[in-house]
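Have a look at the structure below before the remarks.
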Amino acid sequence: MHYLGNLATLALRLASRLALFVPNDGAHSVGYYDPVGGGGSMLDNAGDGLGEPLNVIISGLSSPEVLTDTGIVNYARAIGFSEECFDIHLGAPQSANLGDGNGWVNQTIELRQDYGDAPVGTCLESLIGGDHFRVYRQNGTNADSGALFLAVSQEEPVTDGHDIIPNGYNIGRDSLVTWATGQTSYGGLSYTTTAQNITGLLAPGSNGVNHGIAQDGVVVLLTVNIDG
Ligand SMILES: *[C@@H]1O[C@H](CO)[C@@H](O)[C@H](O)[C@H]1NC(C)=O
Ligand SMILES: *[C@@H]1O[C@H](CO)[C@@H](O)[C@H](O)[C@H]1NC(C)=O
Ligand SMILES: *[C@@H]1O[C@H](CO)[C@@H](O)[C@H](O)[C@H]1NC(C)=O
């Protein structure tokens, strides 16, 4: 449990991270744009020629605050995720092209299941596996929805190389959606989240998918409203 000794350092890091507040650009008028229509892809780039499916979208019609860097972290905490264990990234960042004119852009942030204890729980996730997601923001001038595209998957324990479990894309997505839907709260904010399945955006199957794990092609659109 040596990591407990690093808690003070972590608190300082979190405080400085929160100071890097990215102001949102106000309300958006569309939930998302199809990345493929703009020359992008519904698979991110894992660096090996394959990619993870972007299987959840947080709608651009959500409360604007949710779509900011600090806002998505608070929302993630409300639904059982937190920032990575002591900011230690396991593996290289991945990138996505959301067809918005920005081309391939590295993930904004990666969040892990926190097992009920943000942030120490994410260390547990790193050890024993669990749900996690990468966040990409669709904000280029060609398709500025403000939507957040998430690559969600359920991971193996670190002892197994931190790969994705069998059926881990569908399972990871469905768990996140279950935890997110309805009423949640964190840090003084209450959220109401509705979910809608979208088909026809992401091709089902394993073609081009990292680890060759097939997924069902369902993308869940979450619309998140801050209550009150
Ligand atoms: C994306 O991440 C990789 C790996 O850390 C890094 O080498 C590269 O410079 C990053 N790209 C941008 C545009 O930040
Ligand atoms: C678009 O999103 C990226 C990634 O989060 C961010 O770095 C950039 O500042 C944003 N651009 C604008 C114009 O808000
Ligand atoms: C959405 O798709 C998932 C995965 O196929 C399925 O389990 C769920 O029942 C669907 N929900 C609705 C409302 O159709």
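Chain labels follow the order of the structure tokens: the first chain is A, the next B, and so on; residue numbering restarts at 1 in every chain, and ligands are counted from 1 in their shown order.
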
Per residue of chain A within 10 Å of ligand 1, record the nearest atom pair and its distance in Å to one decimal, counting only C-alpha atoms and all ligand atoms, with rows in chain order and ascending residue number, as a Markdown table.
```
| residue | atom | partner | partner_atom_place_in_ligand_line | distance |
| --- | --- | --- | --- | --- |
| A:Gly47 | CA | ligand 1 | 4 (C) | 9.5 |
| A:His89 | CA | ligand 1 | 5 (O) | 9.8 |
| A:Gly91 | CA | ligand 1 | 5 (O) | 9.0 |
| A:Ala92 | CA | ligand 1 | 4 (C) | 5.6 |
| A:Pro93 | CA | ligand 1 | 2 (O) | 5.5 |
| A:Gln94 | CA | ligand 1 | 2 (O) | 7.1 |
| A:Ser95 | CA | ligand 1 | 1 (C) | 7.2 |
| A:Gly103 | CA | ligand 1 | 13 (C) | 9.9 |
| A:Trp104 | CA | ligand 1 | 13 (C) | 8.1 |
| A:Val105 | CA | ligand 1 | 13 (C) | 6.1 |
| A:Asn106 | CA | ligand 1 | 1 (C) | 5.0 |
| A:Gln107 | CA | ligand 1 | 1 (C) | 8.0 |
| A:Thr108 | CA | ligand 1 | 14 (O) | 9.7 |
```

Contacts with ligand 2 at most 7 Å, only C-alpha atoms and all ligand atoms counted, listed as a list in words:
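Listing the residues within 7 Å of ligand 2 gives Thr108, Tyr136, Arg137, Gln138, Asn139 and Gly140 of chain A.
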
Which residues of chain A come within 12 Å of ligand 3, and for each one, what is the closest pair of atoms and their distance in Å to one decimal, counting only C-alpha atoms and all ligand atoms, sorted by chain and residue number, as a tab-separated table?
```
residue	atom	partner	partner_atom_place_in_ligand_line	distance
A:Asn55	CA	ligand 3	4 (C)	10.5
A:Val56	CA	ligand 3	2 (O)	11.1
A:Asn167	CA	ligand 3	4 (C)	11.8
A:Tyr169	CA	ligand 3	4 (C)	10.7
A:Asn170	CA	ligand 3	4 (C)	7.1
A:Ile171	CA	ligand 3	4 (C)	9.0
A:Gly172	CA	ligand 3	4 (C)	11.0
A:Arg173	CA	ligand 3	4 (C)	8.6
A:Asp174	CA	ligand 3	4 (C)	7.0
A:Ser175	CA	ligand 3	7 (O)	10.3
A:Leu176	CA	ligand 3	3 (C)	11.8
A:Val177	CA	ligand 3	3 (C)	9.5
A:Thr178	CA	ligand 3	8 (C)	10.1
A:Thr181	CA	ligand 3	13 (C)	11.4
A:Thr194	CA	ligand 3	13 (C)	10.3
A:Ala195	CA	ligand 3	13 (C)	7.6
A:Gln196	CA	ligand 3	13 (C)	6.3
A:Asn197	CA	ligand 3	1 (C)	4.9
A:Ile198	CA	ligand 3	1 (C)	8.0
A:Thr199	CA	ligand 3	2 (O)	8.9
A:Pro204	CA	ligand 3	5 (O)	10.6
A:Gln215	CA	ligand 3	5 (O)	9.4
A:Asp216	CA	ligand 3	5 (O)	6.5
A:Gly217	CA	ligand 3	5 (O)	8.1
A:Val218	CA	ligand 3	2 (O)	5.9
A:Val219	CA	ligand 3	2 (O)	7.8
A:Val220	CA	ligand 3	1 (C)	7.1
A:Leu221	CA	ligand 3	1 (C)	10.0
A:Leu222	CA	ligand 3	1 (C)	11.7
```

For Pro53 (chain A), please output as an MDAnalysis selection string all residues within 8 Å (counting only C-alpha atoms; exclusion window: fewer than 4 positions along the same chain).
chainID A and resid 42:44 151:152 169 202 209

Can I get the selection written as a PDB file, in the first residue's frame, with N, CA and C atoms?
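New file selection-v5.pdb:
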```
ATOM      1  N   MET A  42     -15.058   5.870 -36.846  1.00  0.00           N
ATOM      2  CA  MET A  42     -15.654   5.485 -35.559  1.00  0.00           C
ATOM      3  C   MET A  42     -14.768   4.508 -34.796  1.00  0.00           C
ATOM      4  N   LEU A  43     -13.557   4.261 -35.334  1.00  0.00           N
ATOM      5  CA  LEU A  43     -12.539   3.519 -34.585  1.00  0.00           C
ATOM      6  C   LEU A  43     -11.408   4.497 -34.296  1.00  0.00           C
ATOM      7  N   ASP A  44     -10.874   4.468 -33.080  1.00  0.00           N
ATOM      8  CA  ASP A  44      -9.712   5.308 -32.828  1.00  0.00           C
ATOM      9  C   ASP A  44      -8.469   4.586 -33.355  1.00  0.00           C
ATOM     10  N   ALA A 151     -14.233   5.884 -26.130  1.00  0.00           N
ATOM     11  CA  ALA A 151     -13.855   4.507 -26.447  1.00  0.00           C
ATOM     12  C   ALA A 151     -13.875   3.750 -25.119  1.00  0.00           C
ATOM     13  N   VAL A 152     -14.927   2.936 -24.929  1.00  0.00           N
ATOM     14  CA  VAL A 152     -15.160   2.284 -23.640  1.00  0.00           C
ATOM     15  C   VAL A 152     -14.832   0.799 -23.753  1.00  0.00           C
ATOM     16  N   TYR A 169     -15.652  -4.794 -25.340  1.00  0.00           N
ATOM     17  CA  TYR A 169     -16.176  -3.498 -25.807  1.00  0.00           C
ATOM     18  C   TYR A 169     -17.665  -3.389 -25.492  1.00  0.00           C
ATOM     19  N   LEU A 202     -21.408   2.880 -36.476  1.00  0.00           N
ATOM     20  CA  LEU A 202     -20.234   2.036 -36.247  1.00  0.00           C
ATOM     21  C   LEU A 202     -20.535   0.650 -36.823  1.00  0.00           C
ATOM     22  N   VAL A 209     -10.709  -3.728 -35.594  1.00  0.00           N
ATOM     23  CA  VAL A 209     -10.845  -3.498 -34.152  1.00  0.00           C
ATOM     24  C   VAL A 209      -9.651  -4.081 -33.391  1.00  0.00           C
TER      25      VAL A 209
END
```

Secondary structure check, strand (DSSP E) residues of region 3-210 of chain A, as a short mmCIF file (atom, residue, chain, number, x, y, z; two decimals) with C-alpha atoms, in the first residue's frame:
```
data_model
loop_
_atom_site.label_atom_id
_atom_site.label_comp_id
_atom_site.auth_asym_id
_atom_site.auth_seq_id
_atom_site.Cartn_x
_atom_site.Cartn_y
_atom_site.Cartn_z
CA VAL A 56 -20.52 5.96 -26.49
CA ILE A 57 -21.18 9.60 -27.40
CA ILE A 58 -21.98 12.28 -24.84
CA PHE A 81 -14.93 6.49 -12.79
CA SER A 82 -11.97 8.70 -12.00
CA GLU A 83 -8.69 9.90 -13.43
CA SER A 95 -5.88 9.20 -31.19
CA ALA A 96 -9.13 9.71 -33.07
CA ASN A 97 -10.29 11.54 -36.19
CA TRP A 104 -6.09 12.67 -35.74
CA VAL A 105 -6.00 14.09 -32.22
CA ASN A 106 -4.72 12.39 -29.05
CA ILE A 109 -8.22 12.18 -20.94
CA GLU A 110 -8.52 8.56 -19.83
CA LEU A 111 -10.74 7.54 -16.94
CA ARG A 112 -10.97 4.28 -15.02
CA GLN A 113 -13.50 2.58 -12.86
CA GLY A 130 -12.30 -3.12 -14.87
CA ASP A 131 -14.08 -0.58 -16.99
CA HIS A 132 -12.28 2.37 -18.55
CA PHE A 133 -12.69 4.93 -21.30
CA ARG A 134 -10.78 7.44 -23.42
CA VAL A 135 -12.36 10.78 -24.31
CA TYR A 136 -12.19 12.62 -27.65
CA ARG A 137 -13.85 15.97 -28.29
CA LEU A 148 -17.47 13.79 -26.47
CA PHE A 149 -16.75 10.48 -28.18
CA LEU A 150 -15.79 7.71 -25.76
CA ALA A 151 -13.86 4.51 -26.45
CA VAL A 152 -15.16 2.28 -23.64
CA SER A 153 -13.83 -1.17 -22.79
CA GLN A 154 -13.51 -3.65 -19.96
CA GLU A 155 -9.87 -4.51 -19.23
CA GLY A 182 -30.98 8.10 -14.56
CA GLN A 183 -30.03 10.28 -11.59
CA THR A 184 -26.42 10.59 -10.38
CA SER A 185 -24.45 13.19 -8.45
CA TYR A 186 -20.93 14.19 -7.45
CA LEU A 189 -23.85 18.57 -9.01
CA SER A 190 -26.81 16.31 -9.85
CA TYR A 191 -27.18 14.83 -13.29
CA THR A 192 -30.06 13.32 -15.24
CA THR A 193 -28.86 11.10 -18.08
CA THR A 194 -30.90 9.56 -20.88
CA ALA A 195 -29.59 6.92 -23.27
CA GLN A 196 -30.47 6.15 -26.87
CA ASN A 197 -29.05 3.40 -29.09
CA ILE A 198 -27.70 4.38 -32.48
#
```

Hey, what does DSSP flag as helix (DSSP H, G or I) within region 11-193 of chain A? Can you give it to me as a ChimeraX atom specification?
/A:11-19,35-38,64-67,69-78,85-87,120-128,158-160,168-180

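Here CA of Val224 (chain A) is placed at a distance of 11.6 Å from CA of Ala78 (chain A).
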
Between CA of Thr223 (chain A) and CA of Gly129 (chain A) - distance in Å to one decimal:
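Computing the Euclidean distance for CA of Gly129 (chain A) and CA of Thr223 (chain A) yields 27.3 Å.
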
Rank A:Ala27, A:Cys123, A:Ile213, A:Ala180 by their smallest atom-to-atom distance to Pro64 (chain A), using only C-alpha atoms, and report the top residue only.
A:Ala27

For Gly187 (chain A), work out the shell of residues within 10 Å, counting only C-alpha atoms and skipping chain neighbours fewer than 6 positions away, then give it as number ranges by chain.
A: 74-75, 77-78

I need the chosen residues saved as a CSV table (one decimal), in the first residue's frame, with N, CA and C atoms.
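Produced file result-v8.csv, reproduced below:
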```csv
chain,number,residue,atom,x,y,z
A,74,ASN,N,-15.8,15.5,-13.5
A,74,ASN,CA,-16.8,15.4,-12.4
A,74,ASN,C,-17.9,14.4,-12.7
A,75,TYR,N,-18.4,14.5,-13.9
A,75,TYR,CA,-19.5,13.5,-14.4
A,75,TYR,C,-19.0,12.1,-14.3
A,77,ARG,N,-16.9,10.9,-12.3
A,77,ARG,CA,-16.9,10.5,-10.9
A,77,ARG,C,-18.3,10.1,-10.4
A,78,ALA,N,-19.3,10.9,-10.9
A,78,ALA,CA,-20.6,10.6,-10.5
A,78,ALA,C,-21.1,9.2,-11.0
```

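The spacing separating CA of Gly101 (chain A) from CA of Tyr32 (chain A) amounts to 14.1 Å.
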